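What follows is the content of target_32.csv (CSV, C-alpha atoms).
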```
chain,number,residue,atom,x,y,z
A,1,MET,CA,108.0,59.3,72.2
A,2,THR,CA,111.7,59.8,71.7
A,3,ASP,CA,114.0,57.5,69.7
A,4,LYS,CA,116.8,57.7,72.3
A,5,THR,CA,118.0,54.6,74.1
A,6,ALA,CA,116.5,54.2,77.6
A,7,ARG,CA,118.8,54.9,80.4
A,8,THR,CA,119.1,52.2,83.1
A,9,HIS,CA,119.8,53.0,86.7
A,10,ALA,CA,120.8,49.8,88.6
A,11,GLN,CA,122.2,51.4,91.7
A,12,GLN,CA,120.5,50.3,94.9
A,13,SER,CA,119.1,53.1,97.1
A,14,ASN,CA,120.8,53.5,100.5
A,15,ARG,CA,117.4,53.7,102.2
A,16,GLU,CA,116.1,50.5,100.6
A,17,ARG,CA,115.8,47.5,102.9
A,18,PRO,CA,116.8,44.0,101.7
A,19,ARG,CA,113.8,42.1,100.6
A,20,LYS,CA,113.3,38.6,99.4
A,21,ALA,CA,113.2,38.5,95.6
A,22,GLY,CA,110.3,36.0,95.6
A,23,GLU,CA,107.9,38.4,97.4
A,24,ARG,CA,108.1,41.2,94.8
A,25,LYS,CA,107.3,41.6,91.1
A,26,THR,CA,108.6,43.9,88.4
A,27,VAL,CA,106.2,46.7,87.4
A,28,TYR,CA,106.4,49.7,85.0
A,29,LYS,CA,105.1,53.2,85.8
A,30,ALA,CA,104.6,55.9,83.2
A,31,VAL,CA,106.4,59.2,83.9
A,32,LEU,CA,105.5,62.4,82.1
A,33,ASP,CA,108.1,65.1,81.6
A,34,ASN,CA,107.2,68.6,82.9
A,35,PRO,CA,106.4,70.9,79.9
A,36,PHE,CA,106.8,74.0,82.0
A,37,GLN,CA,110.6,73.8,82.3
A,38,VAL,CA,112.8,76.6,81.0
A,39,ARG,CA,116.2,75.2,79.9
A,40,TRP,CA,119.5,77.1,80.2
A,41,PRO,CA,120.6,78.6,76.9
A,42,SER,CA,123.2,76.7,74.9
A,43,VAL,CA,126.3,78.9,74.6
A,44,PRO,CA,129.4,77.5,72.8
A,45,VAL,CA,132.6,77.3,75.0
A,46,ASN,CA,134.5,79.6,72.7
A,47,LEU,CA,131.8,82.3,73.0
A,48,GLN,CA,131.7,81.8,76.8
A,49,ASN,CA,135.4,82.5,76.9
A,50,MET,CA,135.1,85.5,74.6
A,51,ILE,CA,132.3,87.1,76.8
A,52,PHE,CA,134.2,86.3,80.0
A,53,SER,CA,137.4,87.9,78.7
A,54,HIS,CA,135.6,91.0,77.6
A,55,LEU,CA,133.8,91.2,81.0
A,56,VAL,CA,137.0,90.9,82.9
A,57,SER,CA,138.6,93.7,80.9
A,58,LEU,CA,135.7,96.0,81.8
A,59,LEU,CA,136.1,95.3,85.5
A,60,GLU,CA,139.7,96.4,85.5
A,61,GLY,CA,140.3,98.7,88.5
A,62,ALA,CA,137.1,97.7,90.4
A,63,SER,CA,139.1,95.9,93.1
A,64,ASN,CA,141.3,98.9,93.9
A,65,PHE,CA,138.2,101.2,94.0
A,66,HIS,CA,136.3,98.9,96.4
A,67,GLU,CA,139.3,98.4,98.7
A,68,ALA,CA,140.0,102.1,98.9
A,69,GLN,CA,136.3,102.9,99.5
A,70,SER,CA,136.0,100.3,102.3
A,71,ARG,CA,139.2,101.4,103.9
A,72,THR,CA,137.9,105.0,104.0
A,73,ASN,CA,134.5,103.9,105.4
A,74,ARG,CA,136.2,101.9,108.1
A,75,LYS,CA,138.4,104.8,109.1
A,76,ARG,CA,135.5,107.2,109.2
A,77,LYS,CA,133.5,104.8,111.3
A,78,ARG,CA,136.3,104.3,113.8
A,79,VAL,CA,136.8,108.1,114.2
A,80,LEU,CA,133.1,108.6,114.7
A,81,GLU,CA,132.9,105.9,117.4
A,82,VAL,CA,135.8,107.5,119.3
A,83,ASP,CA,134.2,110.9,119.1
A,84,LYS,CA,130.9,109.5,120.2
A,85,SER,CA,132.5,107.9,123.3
A,86,LYS,CA,134.2,111.1,124.2
A,87,LYS,CA,130.9,113.0,124.1
A,88,LYS,CA,129.2,110.4,126.3
A,89,SER,CA,131.9,110.7,128.9
A,90,LYS,CA,131.5,114.4,129.2
A,91,GLY,CA,127.7,114.2,129.7
A,92,ASN,CA,127.1,117.8,128.5
A,93,GLU,CA,125.0,117.1,125.4
A,94,ASP,CA,121.8,118.7,126.8
A,95,ALA,CA,123.7,121.8,128.0
A,96,ALA,CA,125.4,122.1,124.6
A,97,MET,CA,122.1,121.9,122.8
A,98,GLU,CA,120.5,124.5,125.0
A,99,GLY,CA,123.4,126.9,124.6
A,100,SER,CA,123.6,126.6,120.9
A,101,SER,CA,119.9,127.1,120.5
A,102,ALA,CA,119.9,130.2,122.7
A,103,GLU,CA,122.8,131.7,120.7
A,104,GLY,CA,122.1,131.1,117.1
A,105,GLY,CA,118.7,129.4,117.1
A,106,LEU,CA,119.9,126.6,114.8
A,107,LEU,CA,122.3,123.8,115.5
A,108,GLU,CA,125.4,123.6,113.4
A,109,MET,CA,126.3,120.2,112.1
A,110,PRO,CA,129.8,119.0,113.2
A,111,GLN,CA,132.4,118.8,110.5
A,112,ASP,CA,133.5,115.4,109.2
A,113,PRO,CA,136.4,114.3,111.5
A,114,CYS,CA,137.8,112.1,108.8
A,115,PRO,CA,138.1,114.0,105.5
A,116,ALA,CA,137.5,111.8,102.4
A,117,LEU,CA,140.7,110.6,100.9
A,118,PRO,CA,141.0,110.6,97.1
A,119,LEU,CA,139.7,107.4,95.6
A,120,PRO,CA,141.0,105.6,92.5
A,121,PRO,CA,139.1,106.2,89.4
A,122,LYS,CA,135.8,104.3,89.4
A,123,PRO,CA,135.2,102.0,86.4
A,124,PRO,CA,132.0,103.1,84.5
A,125,ILE,CA,130.6,99.6,84.6
A,126,LEU,CA,130.1,99.7,88.4
A,127,ASP,CA,127.3,102.2,88.1
A,128,HIS,CA,125.3,99.7,86.0
A,129,LEU,CA,126.3,96.4,87.7
A,130,VAL,CA,124.3,94.3,90.1
A,131,CYS,CA,126.3,91.6,91.9
A,132,GLY,CA,125.1,88.6,93.9
A,133,ILE,CA,122.4,85.9,93.6
A,134,ASN,CA,120.0,87.7,96.0
A,135,ALA,CA,120.4,91.1,94.5
A,136,VAL,CA,120.0,90.0,90.9
A,137,THR,CA,116.9,87.8,91.9
A,138,LYS,CA,115.2,90.8,93.6
A,139,ARG,CA,115.8,93.0,90.5
A,140,LEU,CA,114.4,90.4,88.2
A,141,GLU,CA,111.4,89.8,90.4
A,142,ALA,CA,110.6,93.5,90.5
A,143,GLN,CA,111.1,93.8,86.8
A,144,ALA,CA,108.7,90.9,86.1
A,145,ARG,CA,106.1,92.2,88.6
A,146,GLN,CA,106.2,95.7,87.2
A,147,VAL,CA,104.0,94.9,84.2
A,148,ARG,CA,101.9,92.1,85.8
A,149,ARG,CA,100.8,94.2,88.8
A,150,ASN,CA,97.2,95.5,88.9
A,151,VAL,CA,96.9,99.2,87.9
A,152,VAL,CA,95.6,101.2,90.8
A,153,ILE,CA,95.2,105.0,90.9
A,154,SER,CA,97.0,106.2,94.0
A,155,SER,CA,99.0,109.2,95.1
A,156,LYS,CA,101.5,106.9,96.9
A,157,PRO,CA,104.9,107.2,95.3
A,158,LEU,CA,106.4,104.1,93.6
A,159,ASP,CA,108.8,101.9,95.5
A,160,ASP,CA,112.5,102.3,94.8
A,161,SER,CA,112.6,98.8,93.4
A,162,GLU,CA,109.9,99.6,90.9
A,163,ALA,CA,111.8,102.7,89.6
A,164,GLN,CA,115.1,100.9,89.0
A,165,LEU,CA,116.5,100.5,85.5
A,166,PRO,CA,115.6,97.2,83.8
A,167,ILE,CA,118.2,94.4,83.6
A,168,SER,CA,119.5,93.6,80.1
A,169,LEU,CA,122.2,90.9,80.7
A,170,VAL,CA,122.7,88.3,83.3
A,171,PHE,CA,126.0,86.4,83.7
A,172,VAL,CA,126.0,83.2,85.8
A,173,CYS,CA,129.0,81.2,86.9
A,174,ARG,CA,126.9,78.1,86.6
A,175,ALA,CA,129.7,75.6,86.6
A,176,ASP,CA,131.2,77.0,89.9
A,177,VAL,CA,127.9,77.2,91.9
A,178,GLU,CA,127.5,74.3,94.4
A,179,PRO,CA,124.8,73.2,94.9
A,180,PRO,CA,123.3,74.1,91.5
A,181,ILE,CA,119.9,74.7,93.0
A,182,LEU,CA,121.0,78.1,94.1
A,183,VAL,CA,120.8,79.4,90.5
A,184,ASN,CA,118.3,77.0,89.0
A,185,HIS,CA,115.5,79.6,89.3
A,186,LEU,CA,117.2,82.1,87.1
A,187,PRO,CA,116.1,80.7,83.7
A,188,GLN,CA,112.4,80.7,84.8
A,189,LEU,CA,112.8,84.2,86.2
A,190,VAL,CA,114.4,85.6,83.1
A,191,ALA,CA,111.8,83.9,81.0
A,192,ALA,CA,109.1,85.5,83.1
A,193,CYS,CA,110.6,88.9,82.5
A,194,ASN,CA,110.9,88.3,78.7
A,195,SER,CA,107.3,87.1,78.5
A,196,ALA,CA,105.9,90.0,80.4
A,197,HIS,CA,107.8,92.8,78.7
A,198,SER,CA,107.7,93.7,75.0
A,199,ARG,CA,111.0,95.6,75.0
A,200,ALA,CA,114.4,94.0,74.4
A,201,ALA,CA,114.7,90.5,75.8
A,202,ILE,CA,117.1,89.7,78.7
A,203,LYS,CA,120.0,87.4,77.7
A,204,LEU,CA,121.2,84.8,80.2
A,205,VAL,CA,124.8,83.9,79.7
A,206,PRO,CA,126.6,81.0,81.5
A,207,LEU,CA,130.3,81.6,82.0
A,208,PRO,CA,133.1,79.0,81.8
A,209,LYS,CA,134.3,77.0,84.7
A,210,GLU,CA,136.5,78.7,87.4
A,211,SER,CA,135.3,82.1,86.3
A,212,GLU,CA,133.8,83.0,89.7
A,213,SER,CA,137.2,83.3,91.4
A,214,VAL,CA,138.5,85.6,88.7
A,215,LEU,CA,135.4,87.9,88.8
A,216,ALA,CA,135.5,88.0,92.6
A,217,GLU,CA,139.2,89.0,92.5
A,218,LYS,CA,138.5,91.7,90.0
A,219,LEU,CA,135.7,93.1,92.1
A,220,GLY,CA,137.5,92.8,95.4
A,221,ILE,CA,134.8,90.7,97.0
A,222,ARG,CA,134.6,87.1,98.2
A,223,ARG,CA,132.0,85.7,95.8
A,224,ALA,CA,130.6,86.8,92.4
A,225,SER,CA,128.6,83.9,91.1
A,226,VAL,CA,125.9,86.1,89.4
A,227,LEU,CA,126.3,89.5,87.7
A,228,ALA,CA,123.8,91.6,85.8
A,229,LEU,CA,124.0,94.8,83.7
A,230,ASP,CA,121.1,97.2,83.3
A,231,ALA,CA,119.9,98.5,79.9
A,232,GLN,CA,121.5,102.0,80.3
A,233,TYR,CA,125.1,100.6,80.3
A,234,PRO,CA,126.8,102.0,77.1
A,235,GLY,CA,128.5,98.7,76.4
A,236,ILE,CA,125.3,96.7,76.0
A,237,PRO,CA,125.3,96.9,72.1
A,238,GLU,CA,128.7,95.3,72.0
A,239,PHE,CA,127.6,92.4,74.1
A,240,SER,CA,124.4,92.1,72.1
A,241,THR,CA,126.3,91.9,68.9
A,242,ARG,CA,128.4,89.0,70.2
A,243,LEU,CA,125.3,87.2,71.7
A,244,GLU,CA,123.1,87.4,68.6
A,245,SER,CA,123.2,83.6,68.2
A,246,VAL,CA,122.2,83.0,71.9
A,247,ALA,CA,118.4,82.6,72.3
A,248,ALA,CA,116.8,84.5,75.2
A,249,PRO,CA,114.8,82.3,77.6
A,250,THR,CA,111.1,82.6,77.0
A,251,ALA,CA,107.9,81.0,78.5
A,252,PRO,CA,105.0,81.1,76.0
A,253,TRP,CA,102.5,80.1,78.7
A,254,LEU,CA,103.3,83.4,80.5
A,255,MET,CA,102.6,85.7,77.5
A,256,LEU,CA,100.2,88.4,78.3
A,257,GLN,CA,98.6,88.1,74.9
A,258,ALA,CA,98.4,84.7,73.4
A,259,LYS,CA,99.6,84.5,69.8
A,260,ALA,CA,97.7,82.6,67.1
A,261,SER,CA,100.8,80.5,66.2
A,262,THR,CA,101.1,78.9,69.7
A,263,SER,CA,103.2,75.7,69.5
A,264,TYR,CA,102.7,73.0,72.1
A,265,GLU,CA,105.4,71.0,73.7
A,266,ALA,CA,105.7,67.4,72.4
A,267,THR,CA,104.6,64.7,74.9
A,268,HIS,CA,107.4,62.8,76.4
A,269,VAL,CA,106.4,59.6,78.2
A,270,LYS,CA,109.0,57.4,79.9
A,271,GLN,CA,108.6,54.0,81.5
A,272,LEU,CA,110.1,53.6,85.0
A,273,ARG,CA,110.8,50.0,85.9
A,274,THR,CA,110.5,49.3,89.6
A,275,SER,CA,109.2,46.6,91.9
A,276,ALA,CA,106.0,46.1,93.9
A,277,PRO,CA,104.8,43.4,96.4
A,278,LYS,CA,103.0,40.5,94.8
A,279,ASP,CA,100.4,40.5,97.6
A,280,MET,CA,99.6,44.2,98.3
A,281,LYS,CA,97.1,43.3,101.1
A,282,ALA,CA,99.7,41.2,103.0
A,283,ALA,CA,102.3,43.9,102.5
A,284,LYS,CA,100.0,46.5,104.0
A,285,GLU,CA,99.2,44.3,107.0
A,286,SER,CA,102.9,43.6,107.6
A,287,ARG,CA,103.8,47.2,107.4
A,288,LEU,CA,100.9,48.0,109.9
A,289,ARG,CA,102.2,45.4,112.3
A,290,GLY,CA,105.7,46.8,112.1
A,291,LYS,CA,104.4,50.3,113.0
A,292,LEU,CA,102.4,49.0,116.0
A,293,ALA,CA,105.5,47.1,117.3
A,294,ALA,CA,107.7,50.1,116.9
A,295,LYS,CA,105.1,52.2,118.8
A,296,LEU,CA,105.0,49.7,121.7
A,297,ARG,CA,108.8,49.6,121.9
A,298,LYS,CA,108.9,53.4,122.1
A,299,GLN,CA,106.3,53.4,124.9
A,300,ASN,CA,108.1,50.7,126.9
A,301,ARG,CA,111.4,52.5,126.5
A,302,GLY,CA,109.8,55.7,127.8
A,303,ASN,CA,108.2,53.9,130.8
A,304,TRP,CA,111.6,52.3,131.7
A,305,GLU,CA,113.4,55.6,131.5
A,306,GLY,CA,110.7,57.2,133.8
A,307,LYS,CA,111.1,54.4,136.4
A,308,THR,CA,114.9,54.8,136.4
A,309,SER,CA,114.7,58.5,137.0
A,310,LEU,CA,112.3,58.0,139.9
A,311,SER,CA,114.5,55.4,141.5
A,312,SER,CA,117.6,57.6,141.3
```

With the file now loaded, output its structure as structure tokens.
Amino acid sequence: MTDKTARTHAQQSNRERPRKAGERKTVYKAVLDNPFQVRWPSVPVNLQNMIFSHLVSLLEGASNFHEAQSRTNRKRKRVLEVDKSKKKSKGNEDAAMEGSSAEGGLLEMPQDPCPALPLPPKPPILDHLVCGINAVTKRLEAQARQVRRNVVISSKPLDDSEAQLPISLVFVCRADVEPPILVNHLPQLVAACNSAHSRAAIKLVPLPKESESVLAEKLGIRRASVLALDAQYPGIPEFSTRLESVAAPTAPWLMLQAKASTSYEATHVKQLRTSAPKDMKAAKESRLRGKLAAKLRKQNRGNWEGKTSLSS
């Protein structure tokens, strides 16, 4: 049991129907806390700001690179679509293929109609960056599944997701995500990875409020609520030095080998004060009568609508 003062919630639910106070009594129900919860790491605000500033400086120039790359891709796609429409209008594709095969035996690939324009220098961090909630979730799931999968001797090559580099750092704009349930699975997922792998643990770093808009602007995209860096990024040691005081999320119950010094979570029992009918039998009968009456009203309304449609 905790020594904290009990919190009282006196707000009436919007779905609660008005009842007579004399028909109900006050009851207390025991509520057990879930011991299998993984909490977000506690990171001081000044450390969050320091990590955020360093990350923004590393992303300098990423927006210009992405904009130039997308502009080049759009131009190449537009030229290819125009060239394809011209070929369809001529209708000589089969003849051209037969003629080329008769002359040289091999078909020559057409040259790129839109030569690649010189792109701005690419920031090195982009080769090791994973952006987006879905993309980071898939990488973490594959990383946790890589050790826990069953070992089967097969000549089938590994999937691309299995051969990807492991994630080392995850940055989450937790204060900017609405609703928060979109990122609530990340602590459990990171803890699963840390419990399954014996190598360096993954650090989960919440970023300060209003950081998502700045990161999205630096990357040249609309949203950037979750970012991740793989273990091969050269700047990982610098981040690790600054995040030494931040504990990595773990789940002891997911450890592959149970340790002798296993510590159990303390039991937290809370009392929920609510109300219940004084006469439970009468309340059940009243509720059953209400359901039957609603069912009859629905049937009568359907019969009346059917008669109206026939008469019209």

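Among the candidates A:Leu186, A:His54, A:Gln146, A:Arg222, the one nearest to Arg242 of chain A when counting only C-alpha atoms is A:His54.
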
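The residue set within 10 Å of His128 of chain A, counting only C-alpha atoms and dropping same-chain residues fewer than 5 places from it, reads Leu165, Ile167, Ala228, Leu229, Asp230, Ala231, Gln232, Tyr233 and Pro234 of chain A.
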
For the residues in that selection, give me C-alpha atoms as a compact mmCIF listing (two decimals), in the coordinates of the input.
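Wrote it out as part34.txt, contents follow:
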```txt
# COMPACT_ATOMS: atom_id res chain seq x y z
CA LEU A 165 116.50 100.50 85.50
CA ILE A 167 118.20 94.40 83.60
CA ALA A 228 123.80 91.60 85.80
CA LEU A 229 124.00 94.80 83.70
CA ASP A 230 121.10 97.20 83.30
CA ALA A 231 119.90 98.50 79.90
CA GLN A 232 121.50 102.00 80.30
CA TYR A 233 125.10 100.60 80.30
CA PRO A 234 126.80 102.00 77.10
```

With a distance cut-off of 10 Å and all atoms listed in the file, select the neighbouring residues of Val56 of chain A, excluding the residue or stretch itself and same-chain residues fewer than 5 positions from it, and output the selection as an mmCIF file with C-alpha atoms, in the coordinates of the input.
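Saved as part_11.cif:
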```
data_model
loop_
_atom_site.group_PDB
_atom_site.id
_atom_site.type_symbol
_atom_site.label_atom_id
_atom_site.label_comp_id
_atom_site.auth_asym_id
_atom_site.auth_seq_id
_atom_site.Cartn_x
_atom_site.Cartn_y
_atom_site.Cartn_z
ATOM 1 C CA ILE A 51 132.300 87.100 76.800
ATOM 2 C CA SER A 211 135.300 82.100 86.300
ATOM 3 C CA VAL A 214 138.500 85.600 88.700
ATOM 4 C CA LEU A 215 135.400 87.900 88.800
ATOM 5 C CA LYS A 218 138.500 91.700 90.000
ATOM 6 C CA LEU A 219 135.700 93.100 92.100
#
```

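Taking atom CA of Lys209 of chain A and atom CA of Gln48 of chain A as the two end points, the separation is 9.6 Å.
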
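Atom CA of Leu204 of chain A is positioned 13.2 Å from atom CA of Pro44 of chain A.
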
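Residue nearest Gln188 of chain A within the list A:Pro277, A:Gly220, A:Pro124, A:Pro252: A:Pro252 [criterion: smallest interatomic distance, all atoms listed in the file].
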
Polymer residues at most 10 Å from Leu55 of chain A, all atoms listed in the file, same-chain spacing of 6 or more positions, as a ChimeraX atom specification: /A:49,125,171,215,239

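With all atoms listed in the file as the atoms that count, the minimum distance from Ala224 of chain A to the choices A:Gly132, A:Leu296, A:Asp279, A:Asp176 is reached by A:Gly132.
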
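Our summary of the geometry notes that atom CA of Lys291 of chain A is positioned 28.8 Å from atom CA of Leu272 of chain A.
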
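If only C-alpha atoms are the atoms counted, then among A:Leu80, A:Ala135, A:Leu288, A:Ala62 the closest residue to Ser225 of chain A is A:Ala135.
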
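The residue that comes closest to Met50 of chain A, out of A:Val170, A:Val205, A:Ala248, A:Ala276 and on the basis of only C-alpha atoms, is A:Val205.
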
Pick from A:Trp304, A:Trp40, A:Thr241, A:Pro118, whichever lies nearest to Arg71 of chain A using all atoms listed in the file: A:Pro118

If we count all atoms listed in the file and set the cut-off at 7 Å, which residues sit around Tyr28 of chain A, ignoring sequence neighbours fewer than 3 positions away in its own chain? Please answer as a PDB file with C-alpha atoms, in the coordinates of the input.
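File produced: selection-v4.pdb:
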```
ATOM      1  CA  GLN A 271     108.600  54.000  81.500  1.00  0.00           C
ATOM      2  CA  LEU A 272     110.100  53.600  85.000  1.00  0.00           C
ATOM      3  CA  ARG A 273     110.800  50.000  85.900  1.00  0.00           C
ATOM      4  CA  THR A 274     110.500  49.300  89.600  1.00  0.00           C
TER       5      THR A 274
END
```

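The shell of residues at most 7 Å from Pro41 of chain A, with only C-alpha atoms counted and near chain neighbours (fewer than 5 positions) removed, consists of Val246, Ala247 and Pro249 of chain A.
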